[in-house]
Amino acid sequence: MCGIVAIIGKENACRHVLDGLKKLEYRGYDSAGLAYIYDKKMFNIKSVGKLNKLINAIEESKFSKLESSKVAIGHTRWATHGKVNIKNAHPIIYDKKVAVVHNGIIENYEKIKEKSFLKSYDFETTTDTEVIPVLIDNFVKKGKSFFESAKSTLKIIDGAYAFAAIHQDFPNEIFVSRNTSPLVIGIGSDFKVVGSDSHSITQLVNQVIYLEDGDYAIIRNKEIEIFDKKDEKTHRKIVNVNTDIGFVSKDGFRHFMEKEIFEQPNVLINTISSLLQENDKIDINTQKIGIKKNNAILISAAGTSFYAAIVAKYWIEKIANIAVSVELASEYRYRNPSNVGFSSMIVISQSGESIDTLMAMREAKKLNLKTTAIVNVEGSTIDREADYSLYTRVGPEIGVASTKSFTSQLTVLFLIAIKLANENKTINHKEYQSFIKLTKSLPNSLSKCLKMNDEIIDIAQKIKNTSNTIFLGRGYLYPLALEGALKLKEISYIHAEGFAAGEMKHGPIALIEENLPVIMFLISDGLEDKSISNLQEAVSRGARTILIGDRKSIKKAKFVNYSIEIPEFEKKFASTFSPILMAIPAQLLAYHVARERGTDVDQPRNLAKSVTVE
Ligand code: F6R
């Protein structure tokens, strides 16, 4: 993952790099660092931990000419190769002369280290990155220019990466290259800036160039020369981007995650109003999605977005009678999938940068499928490469755990389902109108669900000291059980597993022991008695049971230890909308357990918001 910022030609370059890095911490926060050149000398400062540590370290010590330098590169790391320590923190610097900040993985780094022409080099870090400054140094020492040296380096390294490099003997140049990992160049009048995403640089520029795969560039104060993978000089489109939307604040909430949970009623209004016209027509072009008669739809994604895909499968198959296949993006790419019976792939991604999802989409393109992205970040790689994009429009999601993205993705997917159902005539006009009316009522219903907060705090206090939990759900609530478990484990570090309620007896029931919390999401949909039996089976084996359900199902399952009733929703449709409504208690439970345990809710250990490595 990792975030990169680089600047050339601007006063106080280091401060601007730090500002950019602040916006890139979602890409990793194990360690951070920056390097700058002043008077043909390279300086650097690094620290382990979050960016604030680096900022404090800079403030505490006087760094030579830090304010005066006009060329600087910076990095916030999510470790892939090499432990989290100062040596492995970026910029990786060779011989105090060449500095590199890198995002991604150099896959053949071990082989490169063994090359005979690098025999005299001592590698000081355990990173894959270090081969880049070493190779550049080697070519510079052989008499090549910085640009030619970096270009020759590209011929040797393999992998998915983006990097920026500077050399103290060539202080007027930054070399950048991208292969799969994103990189964007911002154009100022007499300075240039580079970032891992456009958001990290729009406080400085409002025109950017997105490099394409295989591109590399040499950047000077007033000039950018870009070359494509065939080494031909090329021009890439200049794109106007919204100027800085500013740093997002917590608005009085304790954590971004809490704010983002509570923001859902409001942001869902944006999602819905951007896709629903005044005449209640849905502004989604199913021809652009590429759905053909008698073909199934493929949906691919990762993590929470994948769970949204499973819900979509259940909706689209039931409401529109179109077969849907869901694929974990990380699996799809390498398993030589068949395209028989498919004409379209929908990918779902908040960040628009998850490499697994991007690669699954590229694979689908190779198989001649039309691609549609349901994405939050406009201008992200997935957005730009998809044939057609639908936006969730929930604004920046800062907490690592996906919350408002999930409910908005579900809303977009639900609108696709009813649009298809309407076109396929699997629902009549009256049913269509009811679905639209209820979709419009979702923000209000989510507000009511948020009132469950206090009750959930009580439950959180009761289970906060457990080391294992099980989440159960059936039908539309099966993917929510998976999501509830993911949410809890990623931010509280409690081991949590989600299962389809009916699967318990096929193995997982062996895990039940005295006092193990078993959390079930339940809605009376005609099958509730079956799920209640599954819960009984857990109770018989000593589990502590927590039921999050509607009034009717709670009445039926009087034996549970704790129950939380969700607000009433139009009976006939409560089950259909249940994954959106019950997402709120699932998120609140994870949030409060984590908060009670004192974990770092917004930036949990080992995670990053945007997963750009395989
Ligand atoms: C979990 C979470 C992750 C993401 C996954 C995909 O809370 O946030 O599981 O859902 O990494 O990310 P996007 O949607 O950005 O592709």
# chains A, B, ... in the order shown; residues from 1 in each chain; ligands from 1
call {"tool": "residues_around", "arguments": {"residues": "segment 401-406 of chain A", "least_positions_apart": "3", "cutoff": "7 Å", "atoms": "only C-alpha atoms", "output": "list of chain:residue names"}}
result
A:Glu260, A:Ile261, A:Gln264, A:Thr304, A:Ser305, A:Ala308, A:Gln350, A:Val394, A:Gln409, A:Leu410, A:Lys487, A:Gln587
call {"tool": "residues_around", "arguments": {"residues": "Tyr432 of chain A", "least_positions_apart": "6", "cutoff": "10 Å", "atoms": "only C-alpha atoms", "output": "MDAnalysis selection string"}}
result
chainID A and resid 280:281 418:419 421:422 425:426 438
call {"tool": "write_last_selection", "arguments": {"atoms": "N, CA and C atoms", "output": "PDB file, in the first residue's frame"}}
result
ATOM      1  N   ASP A 280     -39.175   9.547 -10.351  1.00  0.00           N
ATOM      2  CA  ASP A 280     -38.939   8.230  -9.737  1.00  0.00           C
ATOM      3  C   ASP A 280     -38.294   7.224 -10.683  1.00  0.00           C
ATOM      4  N   LYS A 281     -37.769   7.701 -11.810  1.00  0.00           N
ATOM      5  CA  LYS A 281     -37.026   6.788 -12.691  1.00  0.00           C
ATOM      6  C   LYS A 281     -35.612   6.649 -12.137  1.00  0.00           C
ATOM      7  N   ILE A 418     -33.877  -3.264  -8.638  1.00  0.00           N
ATOM      8  CA  ILE A 418     -35.270  -2.941  -9.005  1.00  0.00           C
ATOM      9  C   ILE A 418     -35.369  -2.358 -10.417  1.00  0.00           C
ATOM     10  N   LYS A 419     -34.283  -1.721 -10.872  1.00  0.00           N
ATOM     11  CA  LYS A 419     -34.294  -1.257 -12.265  1.00  0.00           C
ATOM     12  C   LYS A 419     -34.384  -2.482 -13.195  1.00  0.00           C
ATOM     13  N   ALA A 421     -35.501  -5.437 -12.404  1.00  0.00           N
ATOM     14  CA  ALA A 421     -36.786  -6.100 -12.199  1.00  0.00           C
ATOM     15  C   ALA A 421     -37.889  -5.381 -12.986  1.00  0.00           C
ATOM     16  N   ASN A 422     -37.804  -4.056 -12.978  1.00  0.00           N
ATOM     17  CA  ASN A 422     -38.785  -3.261 -13.707  1.00  0.00           C
ATOM     18  C   ASN A 422     -38.668  -3.534 -15.214  1.00  0.00           C
ATOM     19  N   LYS A 425     -39.844  -6.926 -16.046  1.00  0.00           N
ATOM     20  CA  LYS A 425     -41.258  -7.092 -15.656  1.00  0.00           C
ATOM     21  C   LYS A 425     -41.447  -8.209 -14.630  1.00  0.00           C
ATOM     22  N   THR A 426     -40.474  -8.378 -13.789  1.00  0.00           N
ATOM     23  CA  THR A 426     -40.659  -9.353 -12.698  1.00  0.00           C
ATOM     24  C   THR A 426     -41.341  -8.684 -11.501  1.00  0.00           C
ATOM     25  N   LEU A 438     -39.875   3.093  -0.446  1.00  0.00           N
ATOM     26  CA  LEU A 438     -39.139   2.607   0.730  1.00  0.00           C
ATOM     27  C   LEU A 438     -37.645   2.940   0.645  1.00  0.00           C
TER      28      LEU A 438
END
call {"tool": "select_by_dssp", "arguments": {"residues": "segment 463-553 of chain A", "states": "strand (DSSP E or B)", "output": "ChimeraX atom specification"}}
result
/A:468-473,495-500,517-522,544-549
call {"tool": "residues_near_ligand", "arguments": {"ligand": "ligand 1", "cutoff": "10 Å", "atoms": "only C-alpha atoms and all ligand atoms", "output": "PyMOL selection string"}}
result
chain A and resi 300-308+329+347-358+374-377+382+397+399-403+405-406+409+483-484+486-491+587+607-612
call {"tool": "residues_around", "arguments": {"residues": "Val17 of chain A", "least_positions_apart": "4", "cutoff": "12 Å", "atoms": "only C-alpha atoms", "output": "tab-separated table (two decimals) with all heavy atoms, in the first residue's frame"}}
result
chain	number	residue	atom	x	y	z
A	3	GLY	N	1.75	5.50	0.95
A	3	GLY	CA	1.43	6.75	0.26
A	3	GLY	C	2.71	7.50	-0.08
A	3	GLY	O	3.66	7.52	0.70
A	4	ILE	N	2.69	8.11	-1.25
A	4	ILE	CA	3.87	8.83	-1.74
A	4	ILE	C	3.49	10.28	-2.05
A	4	ILE	O	2.45	10.52	-2.66
A	4	ILE	CB	4.34	8.23	-3.09
A	4	ILE	CG1	4.78	6.80	-2.94
A	4	ILE	CG2	5.41	9.08	-3.73
A	4	ILE	CD1	5.10	6.15	-4.29
A	5	VAL	N	4.34	11.22	-1.66
A	5	VAL	CA	4.19	12.60	-2.13
A	5	VAL	C	5.58	13.09	-2.53
A	5	VAL	O	6.58	12.75	-1.89
A	5	VAL	CB	3.61	13.54	-1.04
A	5	VAL	CG1	3.44	14.95	-1.59
A	5	VAL	CG2	2.27	13.04	-0.53
A	6	ALA	N	5.65	13.89	-3.58
A	6	ALA	CA	6.94	14.47	-4.00
A	6	ALA	C	6.66	15.86	-4.57
A	6	ALA	O	5.61	16.08	-5.20
A	6	ALA	CB	7.59	13.59	-5.06
A	7	ILE	N	7.58	16.79	-4.31
A	7	ILE	CA	7.38	18.17	-4.80
A	7	ILE	C	8.67	18.72	-5.34
A	7	ILE	O	9.75	18.47	-4.79
A	7	ILE	CB	6.88	19.09	-3.65
A	7	ILE	CG1	5.49	18.64	-3.22
A	7	ILE	CG2	6.89	20.56	-4.06
A	7	ILE	CD1	4.80	19.55	-2.25
A	8	ILE	N	8.57	19.46	-6.42
A	8	ILE	CA	9.76	20.14	-6.94
A	8	ILE	C	9.40	21.57	-7.33
A	8	ILE	O	8.34	21.82	-7.92
A	8	ILE	CB	10.37	19.35	-8.14
A	8	ILE	CG1	11.72	19.94	-8.52
A	8	ILE	CG2	9.45	19.28	-9.35
A	8	ILE	CD1	12.66	18.96	-9.16
A	10	LYS	N	8.87	24.24	-5.26
A	10	LYS	CA	7.98	25.03	-4.40
A	10	LYS	C	8.65	25.31	-3.06
A	10	LYS	O	9.22	24.42	-2.43
A	10	LYS	CB	6.68	24.26	-4.18
A	10	LYS	CG	5.65	25.04	-3.42
A	10	LYS	CD	4.27	24.82	-3.97
A	10	LYS	CE	3.26	25.70	-3.26
A	10	LYS	NZ	3.13	27.03	-3.82
A	11	GLU	N	8.54	26.60	-2.66
A	11	GLU	CA	9.06	26.99	-1.34
A	11	GLU	C	8.48	26.07	-0.29
A	11	GLU	O	7.32	25.67	-0.37
A	11	GLU	CB	8.58	28.42	-0.98
A	11	GLU	CG	9.09	29.54	-1.87
A	11	GLU	CD	10.58	29.79	-1.70
A	11	GLU	OE1	11.14	29.36	-0.69
A	11	GLU	OE2	11.18	30.40	-2.63
A	12	ASN	N	9.25	25.80	0.71
A	12	ASN	CA	8.78	25.01	1.85
A	12	ASN	C	8.24	23.64	1.43
A	12	ASN	O	7.19	23.17	1.91
A	12	ASN	CB	7.68	25.79	2.58
A	12	ASN	CG	7.91	25.70	4.08
A	12	ASN	OD1	8.57	24.77	4.53
A	12	ASN	ND2	7.37	26.65	4.80
A	13	ALA	N	8.98	23.02	0.52
A	13	ALA	CA	8.51	21.75	-0.06
A	13	ALA	C	8.20	20.70	1.01
A	13	ALA	O	7.21	19.98	0.91
A	13	ALA	CB	9.57	21.21	-1.03
A	21	LEU	N	1.00	13.96	2.88
A	21	LEU	CA	1.06	12.66	3.56
A	21	LEU	C	-0.08	12.51	4.57
A	21	LEU	O	-0.59	11.41	4.76
A	21	LEU	CB	2.41	12.49	4.28
A	21	LEU	CG	3.64	12.30	3.38
A	21	LEU	CD1	4.90	12.16	4.24
A	21	LEU	CD2	3.50	11.07	2.48
A	22	LYS	N	-0.47	13.63	5.17
A	22	LYS	CA	-1.58	13.55	6.14
A	22	LYS	C	-2.82	12.96	5.46
A	22	LYS	O	-3.61	12.27	6.07
A	22	LYS	CB	-1.94	14.95	6.67
A	22	LYS	CG	-1.01	15.42	7.77
A	22	LYS	CD	-1.47	16.78	8.28
A	22	LYS	CE	-0.30	17.51	8.93
A	22	LYS	NZ	-0.42	18.95	8.92
A	23	LYS	N	-2.98	13.28	4.20
A	23	LYS	CA	-4.17	12.80	3.49
A	23	LYS	C	-3.97	11.38	2.95
A	23	LYS	O	-4.89	10.81	2.37
A	23	LYS	CB	-4.49	13.73	2.34
A	23	LYS	CG	-4.94	15.09	2.80
A	23	LYS	CD	-5.11	15.93	1.58
A	23	LYS	CE	-5.89	17.18	1.85
A	23	LYS	NZ	-6.08	17.93	0.61
A	24	LEU	N	-2.77	10.86	3.11
A	24	LEU	CA	-2.50	9.52	2.56
A	24	LEU	C	-2.34	8.47	3.64
A	24	LEU	O	-2.03	7.32	3.34
A	24	LEU	CB	-1.23	9.55	1.70
A	24	LEU	CG	-1.35	10.26	0.35
A	24	LEU	CD1	0.00	10.29	-0.34
A	24	LEU	CD2	-2.37	9.56	-0.54
A	32	ALA	N	6.93	6.65	8.80
A	32	ALA	CA	6.85	7.73	7.81
A	32	ALA	C	8.22	8.40	7.71
A	32	ALA	O	9.06	8.26	8.61
A	32	ALA	CB	5.80	8.75	8.24
A	33	GLY	N	8.41	9.10	6.61
A	33	GLY	CA	9.70	9.78	6.47
A	33	GLY	C	9.70	10.74	5.30
A	33	GLY	O	8.79	10.72	4.45
A	34	LEU	N	10.70	11.62	5.30
A	34	LEU	CA	10.87	12.46	4.12
A	34	LEU	C	12.35	12.71	3.85
A	34	LEU	O	13.19	12.59	4.75
A	34	LEU	CB	10.07	13.76	4.20
A	34	LEU	CG	10.26	14.75	5.31
A	34	LEU	CD1	11.41	15.70	4.99
A	34	LEU	CD2	8.98	15.58	5.41
A	35	ALA	N	12.65	13.01	2.60
A	35	ALA	CA	14.02	13.34	2.20
A	35	ALA	C	13.94	14.61	1.37
A	35	ALA	O	12.95	14.83	0.65
A	35	ALA	CB	14.63	12.21	1.38
A	36	TYR	N	14.97	15.46	1.51
A	36	TYR	CA	14.96	16.70	0.72
A	36	TYR	C	16.39	17.06	0.35
A	36	TYR	O	17.36	16.59	0.96
A	36	TYR	CB	14.29	17.84	1.50
A	36	TYR	CG	14.89	18.13	2.85
A	36	TYR	CD1	15.80	19.17	3.02
A	36	TYR	CD2	14.56	17.37	3.96
A	36	TYR	CE1	16.35	19.45	4.27
A	36	TYR	CE2	15.10	17.63	5.21
A	36	TYR	CZ	15.99	18.67	5.36
A	36	TYR	OH	16.54	18.93	6.59
A	51	LEU	N	2.19	9.34	11.29
A	51	LEU	CA	2.79	10.56	10.75
A	51	LEU	C	3.04	11.62	11.83
A	51	LEU	O	4.03	12.36	11.77
A	51	LEU	CB	1.85	11.12	9.68
A	51	LEU	CG	2.39	12.22	8.81
A	51	LEU	CD1	3.55	11.71	7.98
A	51	LEU	CD2	1.29	12.74	7.90
A	54	LEU	N	6.44	11.68	13.10
A	54	LEU	CA	7.41	12.34	12.22
A	54	LEU	C	7.29	13.85	12.38
A	54	LEU	O	8.30	14.56	12.50
A	54	LEU	CB	7.14	11.93	10.76
A	54	LEU	CG	8.07	12.56	9.72
A	54	LEU	CD1	9.47	11.96	9.82
A	54	LEU	CD2	7.54	12.36	8.30
A	55	ILE	N	6.05	14.32	12.42
A	55	ILE	CA	5.84	15.77	12.54
A	55	ILE	C	6.44	16.26	13.87
A	55	ILE	O	7.15	17.27	13.91
A	55	ILE	CB	4.34	16.12	12.41
A	55	ILE	CG1	3.88	15.76	10.99
A	55	ILE	CG2	4.06	17.58	12.73
A	55	ILE	CD1	2.40	15.81	10.75
A	66	LEU	N	15.52	22.68	6.30
A	66	LEU	CA	14.26	22.01	5.97
A	66	LEU	C	13.25	22.97	5.35
A	66	LEU	O	12.54	22.64	4.41
A	66	LEU	CB	13.68	21.39	7.24
A	66	LEU	CG	12.42	20.59	7.06
A	66	LEU	CD1	12.64	19.13	7.43
A	66	LEU	CD2	11.28	21.13	7.90
A	67	GLU	N	13.25	24.21	5.88
A	67	GLU	CA	12.27	25.18	5.37
A	67	GLU	C	12.68	25.73	4.01
A	67	GLU	O	11.86	26.24	3.26
A	67	GLU	CB	12.11	26.37	6.34
A	67	GLU	CG	11.89	25.99	7.80
A	67	GLU	CD	10.53	25.35	8.04
A	67	GLU	OE1	9.63	25.57	7.22
A	67	GLU	OE2	10.39	24.60	9.02
A	69	SER	N	14.33	24.08	1.48
A	69	SER	CA	14.44	23.17	0.34
A	69	SER	C	13.22	23.31	-0.59
A	69	SER	O	12.09	23.51	-0.14
A	69	SER	CB	14.53	21.75	0.85
A	69	SER	OG	14.35	20.88	-0.22
A	70	LYS	N	13.50	23.16	-1.89
A	70	LYS	CA	12.39	23.22	-2.85
A	70	LYS	C	12.13	21.87	-3.51
A	70	LYS	O	11.33	21.78	-4.44
A	70	LYS	CB	12.72	24.26	-3.93
A	70	LYS	CG	12.54	25.69	-3.47
A	70	LYS	CD	12.77	26.57	-4.66
A	70	LYS	CE	12.29	27.96	-4.44
A	70	LYS	NZ	12.36	28.75	-5.65
A	71	VAL	N	12.88	20.85	-3.07
A	71	VAL	CA	12.61	19.52	-3.63
A	71	VAL	C	12.59	18.51	-2.49
A	71	VAL	O	13.54	18.41	-1.71
A	71	VAL	CB	13.61	19.14	-4.75
A	71	VAL	CG1	15.05	19.28	-4.33
A	71	VAL	CG2	13.37	17.72	-5.24
A	72	ALA	N	11.47	17.78	-2.39
A	72	ALA	CA	11.33	16.83	-1.28
A	72	ALA	C	10.42	15.68	-1.70
A	72	ALA	O	9.55	15.84	-2.55
A	72	ALA	CB	10.72	17.55	-0.07
A	73	ILE	N	10.70	14.52	-1.07
A	73	ILE	CA	9.80	13.37	-1.27
A	73	ILE	C	9.42	12.82	0.10
A	73	ILE	O	10.21	12.92	1.04
A	73	ILE	CB	10.44	12.25	-2.13
A	73	ILE	CG1	11.73	11.71	-1.49
A	73	ILE	CG2	10.70	12.72	-3.55
A	73	ILE	CD1	12.34	10.53	-2.25
A	74	GLY	N	8.23	12.26	0.23
A	74	GLY	CA	7.81	11.74	1.53
A	74	GLY	C	6.98	10.49	1.37
A	74	GLY	O	6.49	10.16	0.28
A	75	HIS	N	6.81	9.79	2.49
A	75	HIS	CA	6.22	8.46	2.43
A	75	HIS	C	5.52	8.11	3.73
A	75	HIS	O	6.00	8.45	4.81
A	75	HIS	CB	7.36	7.46	2.20
A	75	HIS	CG	6.93	6.06	1.88
A	75	HIS	ND1	6.84	5.07	2.83
A	75	HIS	CD2	6.60	5.47	0.70
A	75	HIS	CE1	6.46	3.94	2.25
A	75	HIS	NE2	6.31	4.15	0.96
A	76	THR	N	4.38	7.46	3.65
A	76	THR	CA	3.78	6.84	4.82
A	76	THR	C	3.62	5.36	4.48
A	76	THR	O	3.12	5.00	3.41
A	76	THR	CB	2.47	7.54	5.26
A	76	THR	OG1	1.90	6.80	6.32
A	76	THR	CG2	1.46	7.72	4.16
A	192	LYS	N	5.90	21.42	-9.53
A	192	LYS	CA	5.13	20.21	-9.82
A	192	LYS	C	5.05	19.39	-8.54
A	192	LYS	O	5.94	19.45	-7.68
A	192	LYS	CB	5.83	19.37	-10.91
A	192	LYS	CG	6.07	20.10	-12.22
A	192	LYS	CD	4.80	20.37	-12.99
A	192	LYS	CE	5.01	21.31	-14.16
A	192	LYS	NZ	5.01	22.74	-13.83
A	193	VAL	N	3.99	18.61	-8.44
A	193	VAL	CA	3.79	17.80	-7.24
A	193	VAL	C	3.28	16.42	-7.67
A	193	VAL	O	2.61	16.30	-8.69
A	193	VAL	CB	2.82	18.52	-6.26
A	193	VAL	CG1	1.51	18.90	-6.93
A	193	VAL	CG2	2.54	17.71	-5.01
A	194	VAL	N	3.65	15.42	-6.90
A	194	VAL	CA	3.26	14.04	-7.24
A	194	VAL	C	2.58	13.45	-6.01
A	194	VAL	O	3.01	13.71	-4.88
A	194	VAL	CB	4.52	13.21	-7.57
A	194	VAL	CG1	4.16	11.74	-7.82
A	194	VAL	CG2	5.26	13.79	-8.77
A	195	GLY	N	1.54	12.64	-6.22
A	195	GLY	CA	0.90	12.00	-5.06
A	195	GLY	C	0.34	10.64	-5.45
A	195	GLY	O	0.13	10.35	-6.63
A	196	SER	N	0.06	9.83	-4.43
A	196	SER	CA	-0.54	8.51	-4.69
A	196	SER	C	-2.00	8.65	-5.10
A	196	SER	O	-2.56	7.74	-5.71
A	196	SER	CB	-0.46	7.62	-3.46
A	196	SER	OG	0.85	7.24	-3.23
A	200	SER	N	-4.47	13.97	-2.32
A	200	SER	CA	-3.29	14.35	-1.52
A	200	SER	C	-2.60	15.59	-2.07
A	200	SER	O	-1.73	16.15	-1.41
A	200	SER	CB	-2.30	13.19	-1.46
A	200	SER	OG	-1.81	12.88	-2.76
A	201	ILE	N	-2.95	16.04	-3.27
A	201	ILE	CA	-2.24	17.17	-3.85
A	201	ILE	C	-3.16	18.32	-4.27
A	201	ILE	O	-2.68	19.37	-4.69
A	201	ILE	CB	-1.37	16.72	-5.07
A	201	ILE	CG1	-2.23	16.08	-6.15
A	201	ILE	CG2	-0.28	15.76	-4.62
A	201	ILE	CD1	-1.44	15.72	-7.40
A	203	GLN	N	-4.67	20.40	-2.56
A	203	GLN	CA	-4.51	21.65	-1.80
A	203	GLN	C	-3.54	22.57	-2.51
A	203	GLN	O	-3.45	23.75	-2.21
A	203	GLN	CB	-4.08	21.38	-0.34
A	203	GLN	CG	-2.67	20.86	-0.15
A	203	GLN	CD	-2.59	19.34	-0.32
A	203	GLN	OE1	-3.44	18.73	-0.95
A	203	GLN	NE2	-1.55	18.73	0.20
A	204	LEU	N	-2.80	22.02	-3.50
A	204	LEU	CA	-1.79	22.82	-4.20
A	204	LEU	C	-2.13	23.09	-5.66
A	204	LEU	O	-1.70	24.08	-6.24
A	204	LEU	CB	-0.42	22.09	-4.16
A	204	LEU	CG	0.24	21.96	-2.78
A	204	LEU	CD1	1.50	21.11	-2.90
A	204	LEU	CD2	0.58	23.33	-2.22
call {"tool": "residues_around", "arguments": {"residues": "Asp122 of chain A", "least_positions_apart": "6", "cutoff": "10 Å", "atoms": "only C-alpha atoms", "output": "PyMOL selection string"}}
result
chain A and resi 94+113+134
call {"tool": "decode", "arguments": {"residues": "segment 584-606 of chain A", "atoms": "N, CA and C atoms", "output": "CSV table (one decimal), in the first residue's frame"}}
result
chain,number,residue,atom,x,y,z
A,584,ILE,N,-26.5,-1.1,10.7
A,584,ILE,CA,-26.2,-0.1,11.8
A,584,ILE,C,-25.9,-0.7,13.1
A,585,PRO,N,-26.8,-1.6,13.6
A,585,PRO,CA,-26.4,-2.3,14.9
A,585,PRO,C,-25.1,-3.1,14.8
A,586,ALA,N,-24.8,-3.7,13.6
A,586,ALA,CA,-23.6,-4.5,13.4
A,586,ALA,C,-22.4,-3.5,13.6
A,587,GLN,N,-22.4,-2.4,13.0
A,587,GLN,CA,-21.3,-1.4,13.0
A,587,GLN,C,-21.2,-0.8,14.4
A,588,LEU,N,-22.3,-0.5,15.1
A,588,LEU,CA,-22.3,0.1,16.4
A,588,LEU,C,-21.7,-0.9,17.4
A,589,LEU,N,-22.0,-2.1,17.3
A,589,LEU,CA,-21.5,-3.1,18.2
A,589,LEU,C,-20.0,-3.2,18.1
A,590,ALA,N,-19.5,-3.3,16.9
A,590,ALA,CA,-18.1,-3.4,16.7
A,590,ALA,C,-17.4,-2.2,17.2
A,591,TYR,N,-18.0,-1.0,16.9
A,591,TYR,CA,-17.4,0.2,17.4
A,591,TYR,C,-17.3,0.3,18.9
A,592,HIS,N,-18.4,0.0,19.6
A,592,HIS,CA,-18.4,0.2,21.0
A,592,HIS,C,-17.5,-0.8,21.7
A,593,VAL,N,-17.5,-2.1,21.2
A,593,VAL,CA,-16.6,-3.1,21.8
A,593,VAL,C,-15.1,-2.6,21.7
A,594,ALA,N,-14.8,-2.1,20.5
A,594,ALA,CA,-13.4,-1.7,20.2
A,594,ALA,C,-13.1,-0.5,21.1
A,595,ARG,N,-14.0,0.4,21.2
A,595,ARG,CA,-13.8,1.7,22.1
A,595,ARG,C,-13.6,1.3,23.5
A,596,GLU,N,-14.5,0.3,24.0
A,596,GLU,CA,-14.3,-0.1,25.4
A,596,GLU,C,-13.0,-0.8,25.6
A,597,ARG,N,-12.5,-1.5,24.6
A,597,ARG,CA,-11.2,-2.1,24.7
A,597,ARG,C,-10.0,-1.2,24.5
A,598,GLY,N,-10.3,0.0,24.1
A,598,GLY,CA,-9.3,1.0,23.9
A,598,GLY,C,-8.3,0.8,22.7
A,599,THR,N,-8.9,0.1,21.7
A,599,THR,CA,-8.0,-0.1,20.5
A,599,THR,C,-8.0,1.2,19.6
A,600,ASP,N,-7.2,1.2,18.7
A,600,ASP,CA,-7.1,2.4,17.8
A,600,ASP,C,-8.2,2.2,16.7
A,601,VAL,N,-9.4,2.7,17.0
A,601,VAL,CA,-10.5,2.4,16.2
A,601,VAL,C,-10.4,2.8,14.7
A,602,ASP,N,-9.9,4.0,14.5
A,602,ASP,CA,-9.8,4.5,13.1
A,602,ASP,C,-8.6,4.0,12.3
A,603,GLN,N,-7.5,3.6,13.0
A,603,GLN,CA,-6.4,3.1,12.3
A,603,GLN,C,-5.9,1.8,13.0
A,604,PRO,N,-6.7,0.7,12.9
A,604,PRO,CA,-6.4,-0.5,13.6
A,604,PRO,C,-5.1,-1.1,13.1
A,605,ARG,N,-4.4,-1.9,14.0
A,605,ARG,CA,-3.1,-2.4,13.6
A,605,ARG,C,-3.1,-3.2,12.3
A,606,ASN,N,-2.1,-3.2,11.6
A,606,ASN,CA,-1.8,-4.0,10.4
A,606,ASN,C,-2.7,-3.7,9.2
